[in-house]
Structure formats: C-alpha cells, structure tokens
Amino acid sequence: MPTALLAPQVGVLGNEIYVVGGYSGGTAYANTQIYDPVTNVWSTGVPLPAATSNGGAAVVKSILYVIGGSPDSGPYYSTNAVWAYSPKTKTWTAKAVMPTPRYNLGVVVENNIIYAIGGIGGVDNGNSRLNTVESYNPATDTWTEENPLLIAKEGASVGLMGTTLTGFTIVVADGYINGDEDSGDNEGYDAATNTWTSLTSDPEPRSFACAARIGTRLYAAGGWVGNGGGPALTTVESFQLSKQSWKSLASIPQGTIAAGSAVYKGQLYCFGGWASWYGSILNNVQIYQP
C-alpha cells in the first residue's frame with residue numbers, strides 16, 4: 001500500500017478495492033487508497049470528510065458505507081458517523097448517524113440491510129465492549145435496534161452464511177470480551193426471527209483477524225490473543241456453519257493484527273495491520289486463495 005495502515009475500512013466497488021482511512025503513527029487518516037487486483041496497481045481516491053479508523057464498511061447497491069469507528073483524536077474515542085460514497089459522482093455524503101457510537105464493530109449485509117454488531121462504545125475504559133446490534137436501511141436512511149449479542153465483544157470475525165436448512169445466518173466468531181480475554185465465543189444471528197444462537201466455539205480464540213466469508217466458510221487469518229502484547233498470529237482457520245466445525249489452514253506469511261479485509265473473486269485480501277500489538281505497521285497486501 002502507498003500508506004502503511006492498520007484498521008482501515010475496506011469495500012469492493014466493481015473491480016476495485018477501496019481501502020479507506022485507517023490508523024498510523026498516532027493519527028487516524030481520511031485518505032482513500034484504491035487497489036486494482038487485476039493490474040496490481042494503486043491509485044488515490046476521494047478522501048473521507050473526516051479521518052476515521054477502526055470502523056465498519058459495507059457495500060449496498062454499488063454504494064460504499066463507512067460506519068462508526070474512531071475519529072482523529074485517537075483510537076480510544078468512538079463516533080457514530082455514517083458516510084456513503086458513490087463511485088458515479090465520486091462524492092461522500094453524510095447519512096443518518098448510528099444510534100450507538102462505537103469502533104471495532106462488525107458489519108454485515110443481508111438483503112440490503114447493514115447490521116452493526118458489537119464493538120466498543122464511548123471512551124474505552126477496558127470494560128466497555130458492547131453487545132449492541134443495530135441495523136441500517138440505506139433505502140430509507142433509518143436505523144433499528146435489534147436483539148443484542150449473547151456476549152459483548154469487539155474485533156470479531158463476521159460473515160453472512162447460508163444453508164439449505166436454516167436460510168441465512170450472520171456468524172460473529174471470536175473477538176475480545178469484557179474481562180480482557182479472547183473466549184472463542186461464536187454466535188449466529190437469524191435476522192428473520194431476530195434471535196441469536198450459540199455456535200461451536202473457536203478452538204484457537206483470537207480477535208482482530210483478517211476475516212470474511214468465502215463460499216460456505218468464514219475465514220479468519222492472523223489476529224491477536226489478548227495477552228498484553230506479543231506478535232500477531234499467523235494461524236488461519238475457517239468455520240463451516242452447516243457442519244458446526246472449525247478447520248486449520250495454511251498459515252498467513254506475515255502475522256497481522258487489525259488488517260483491512262475484503263473478498264474479490266473468491267480470494268481473501270488482507271491489507272496492512274500491526275505485526276505485533278503496538279508494533280510496526282504493515283503496508284503489505286496478503287492474498288489467500290481457498
């Protein structure tokens with residue numbers, strides 16, 4: 001990447017991957033770095049109106065949404081801002097603010113509705129992780145409160161899974177919970193019934209992984225174990241909802257914490273991140289082909 005960053009907001013628009021904002025050197029960024037996976041070339045896009053890191057990103061009907069995160073004052077203060085980017089007009093527009101300001105949240109899209117899940121609210125005091133779940137309808141620019149997570153968490157691996165038996169399930173795996181630990185907690189949300197169900201826990205708990213759903217599996221690469229420091233994990237796992245099982249996979253070459261993640265043509269892209277907790281910030285791009 002032209003600028004090394006951790007915790008950027010990432011989304012795919014057409015054949016390009018937008019890496020928006022992020023955090024480096026004690027400062028949140030507003031810049032937009034655009035990656036072309038076909039040509040392996042970077043270009044510069046329209047910056048966010050406000051510097052943001054550690055937020056969520058989602059794409060609905062070719063519009064990129066950046067939700068919540070941390071403002072320029074540092075990674076310990078949360079915002080409820082929502083920004084929408086149109087590649088046609090090349091402009092960012094402010095949308096209805098999220099009811100609960102937060103960062104390190106999970107964001108998933110189901111049926112053109114964006115779900116904002118967990119994270120940290122207000123100022124982090126070491127025990128302010130949220131179980132809050134709110135949904136956003138871009139068509140009406142409105143927010144709705146949903147049933148909460150079973151366990152409050154931040155930095156979870158999230159993805160929309162589907163099976164022929166149960167329909168769609170939003171899986172929220174791992175994450176850092178109150179009490180400062182990675183529990184491996186794994187939960188599934190059914191939007192049709194607004195209910196949460198416990199799923200098979202991760203045998204190798206982690207948080208802040210490069211994660212996304214590809215096909216029938218949720219992939220989690222790297223991340224961190226909340227032990228007060230240490231290098232990023234290099235281990236990679238996938239979770240299959242239909243079998244309620246985890247599988248160990250090929251390790252990521254460079255361990256990374258809080259990398260930006262995206263899926264393009266069936267491959268997982270991991271952008272930047274920390275090499276260790278509060279360690280060097282990476283500018284590399286790592287690609288996993290299942």
# chains A, B, ... in the order shown; residues from 1 in each chain; ligands from 1

$ closest_atom_pairs --of "stretch 74-121 of chain A" --to "stretch 144-167 of chain A" --cutoff "7 Å" --atoms "only C-alpha atoms" --output "Markdown table"
| residue | atom | partner | partner_atom | distance |
| --- | --- | --- | --- | --- |
| A:Asn104 | CA | A:Gly155 | CA | 5.2 |
| A:Leu105 | CA | A:Glu154 | CA | 5.9 |
| A:Gly106 | CA | A:Val158 | CA | 6.1 |
| A:Val108 | CA | A:Gly159 | CA | 6.2 |
| A:Gly118 | CA | A:Lys153 | CA | 5.6 |
| A:Gly119 | CA | A:Glu154 | CA | 4.1 |
| A:Ile120 | CA | A:Glu154 | CA | 6.3 |

$ closest_residue --among "A:Pro138, A:Gly230, A:Gly26, A:Gly122" --to "A:Val60" --atoms "only C-alpha atoms"
A:Pro138

$ closest_residue --among "A:Ala262, A:Ala139, A:Ile34, A:Ala7" --to "A:Tyr103" --atoms "only C-alpha atoms"
A:Ala7

$ residues_around --residues "A:Pro290" --least-positions-apart "6" --cutoff "12 Å" --atoms "only C-alpha atoms" --output "PyMOL selection string"
chain A and resi 212-221+236-238+248-251+263+265-269

$ write_last_selection --atoms "C-alpha atoms" --output "PDB file, in the first residue's frame"
ATOM      1  CA  ALA A 212     -14.510 -12.708   5.652  1.00  0.00           C
ATOM      2  CA  ARG A 213     -16.915 -15.287   4.294  1.00  0.00           C
ATOM      3  CA  ILE A 214     -15.991 -17.092   1.081  1.00  0.00           C
ATOM      4  CA  GLY A 215     -18.408 -19.719  -0.191  1.00  0.00           C
ATOM      5  CA  THR A 216     -19.695 -21.762   2.724  1.00  0.00           C
ATOM      6  CA  ARG A 217     -16.910 -20.863   5.160  1.00  0.00           C
ATOM      7  CA  LEU A 218     -15.927 -17.958   7.377  1.00  0.00           C
ATOM      8  CA  TYR A 219     -12.154 -17.428   7.192  1.00  0.00           C
ATOM      9  CA  ALA A 220     -10.049 -15.871   9.966  1.00  0.00           C
ATOM     10  CA  ALA A 221      -6.377 -15.141   9.232  1.00  0.00           C
ATOM     11  CA  VAL A 236      -5.560 -19.389   9.761  1.00  0.00           C
ATOM     12  CA  GLU A 237      -8.872 -21.152  10.358  1.00  0.00           C
ATOM     13  CA  SER A 238     -12.251 -21.500   8.707  1.00  0.00           C
ATOM     14  CA  SER A 248      -6.923 -25.285  10.372  1.00  0.00           C
ATOM     15  CA  LEU A 249      -5.475 -23.992   7.102  1.00  0.00           C
ATOM     16  CA  ALA A 250      -2.195 -22.748   5.621  1.00  0.00           C
ATOM     17  CA  SER A 251      -0.605 -20.009   7.739  1.00  0.00           C
ATOM     18  CA  VAL A 263     -13.124 -10.654  -0.778  1.00  0.00           C
ATOM     19  CA  LYS A 265     -13.301 -13.196  -6.920  1.00  0.00           C
ATOM     20  CA  GLY A 266     -13.215 -15.824  -4.202  1.00  0.00           C
ATOM     21  CA  GLN A 267      -9.969 -14.743  -2.579  1.00  0.00           C
ATOM     22  CA  LEU A 268      -9.329 -13.103   0.806  1.00  0.00           C
ATOM     23  CA  TYR A 269      -7.294  -9.877   0.720  1.00  0.00           C
TER      24      TYR A 269
END

$ residues_around --residues "A:Ser201" --least-positions-apart "2" --cutoff "7 Å" --atoms "only C-alpha atoms" --output "mmCIF file with N, CA and C atoms, in the first residue's frame"
data_model
loop_
_atom_site.group_PDB
_atom_site.id
_atom_site.type_symbol
_atom_site.label_atom_id
_atom_site.label_comp_id
_atom_site.auth_asym_id
_atom_site.auth_seq_id
_atom_site.Cartn_x
_atom_site.Cartn_y
_atom_site.Cartn_z
ATOM 1 N N GLY A 184 -13.155 -17.179 22.267
ATOM 2 C CA GLY A 184 -13.525 -18.078 21.182
ATOM 3 C C GLY A 184 -15.024 -18.158 20.985
ATOM 4 N N ASP A 185 -15.762 -17.299 21.694
ATOM 5 C CA ASP A 185 -17.228 -17.299 21.575
ATOM 6 C C ASP A 185 -17.650 -17.170 20.115
ATOM 7 N N ASN A 186 -18.666 -17.933 19.746
ATOM 8 C CA ASN A 186 -19.155 -17.959 18.369
ATOM 9 C C ASN A 186 -20.677 -17.946 18.408
ATOM 10 N N LEU A 199 -22.951 -21.033 18.752
ATOM 11 C CA LEU A 199 -22.368 -21.948 17.779
ATOM 12 C C LEU A 199 -21.081 -22.543 18.354
ATOM 13 N N PRO A 203 -11.571 -23.226 18.498
ATOM 14 C CA PRO A 203 -10.582 -23.900 19.336
ATOM 15 C C PRO A 203 -9.312 -23.076 19.526
#

$ residues_around --residues "A:Ala57" --least-positions-apart "6" --cutoff "8 Å" --atoms "only C-alpha atoms" --output "PDB file with C-alpha atoms, in the first residue's frame"
ATOM      1  CA  GLN A   9     -12.382   0.420   6.322  1.00  0.00           C
ATOM      2  CA  VAL A  10     -12.412  -1.734   3.171  1.00  0.00           C
ATOM      3  CA  GLY A  11     -15.014  -2.406   0.469  1.00  0.00           C
ATOM      4  CA  LEU A  64     -19.731   2.121  -0.095  1.00  0.00           C
ATOM      5  CA  TYR A  65     -20.745   2.845   3.500  1.00  0.00           C
ATOM      6  CA  VAL A  66     -18.277   3.629   6.304  1.00  0.00           C
ATOM      7  CA  ILE A  67     -19.898   3.222   9.707  1.00  0.00           C
ATOM      8  CA  VAL A 107     -20.541  -5.061   9.871  1.00  0.00           C
TER       9      VAL A 107
END

$ closest_residue --among "A:Ala211, A:Val225, A:Ile117, A:Ile287" --to "A:Gly260" --atoms "only C-alpha atoms"
A:Ala211

$ atom_distance --atom1 "atom CA of A:Gly272" --atom2 "atom CA of A:Gly188"
28.3 Å

$ closest_residue --among "A:Asn131, A:Ser73, A:Thr193, A:Thr142" --to "A:Asn178" --atoms "only C-alpha atoms"
A:Asn131

$ residues_around --residues "A:Ala275" --least-positions-apart "4" --cutoff "6 Å" --atoms "only C-alpha atoms" --output "ChimeraX atom specification"
/A:232,255-256,279-280

$ write_last_selection --atoms "C-alpha atoms" --output "CSV table (one decimal), in the first residue's frame"
chain,number,residue,atom,x,y,z
A,232,ALA,CA,0.4,-11.3,15.6
A,255,GLY,CA,1.2,-12.3,11.0
A,256,THR,CA,-1.1,-9.3,11.2
A,279,GLY,CA,4.4,-2.8,16.9
A,280,SER,CA,5.3,-1.9,13.4

$ residues_around --residues "A:Ala30" --least-positions-apart "3" --cutoff "10 Å" --atoms "only C-alpha atoms" --output "ChimeraX atom specification"
/A:8,20-23,27,33,46-53,71-72

$ closest_residue --among "A:Thr132, A:Phe271, A:Trp42, A:Lys88" --to "A:Asn283" --atoms "only C-alpha atoms"
A:Phe271

$ atom_distance --atom1 "atom CA of A:Cys270" --atom2 "atom CA of A:Pro253"
11.1 Å

$ atom_distance --atom1 "atom CA of A:Phe208" --atom2 "atom CA of A:Gly223"
4.8 Å

$ select_by_dssp --residues "stretch 114-274 of chain A" --states "strand (DSSP E)" --output "ChimeraX atom specification"
/A:114-117,120-121,133-137,142-146,153-154,157-163,167-173,176-177,181-182,186-190,195-198,210-214,217-221,236-240,245-249,260-264,267-274
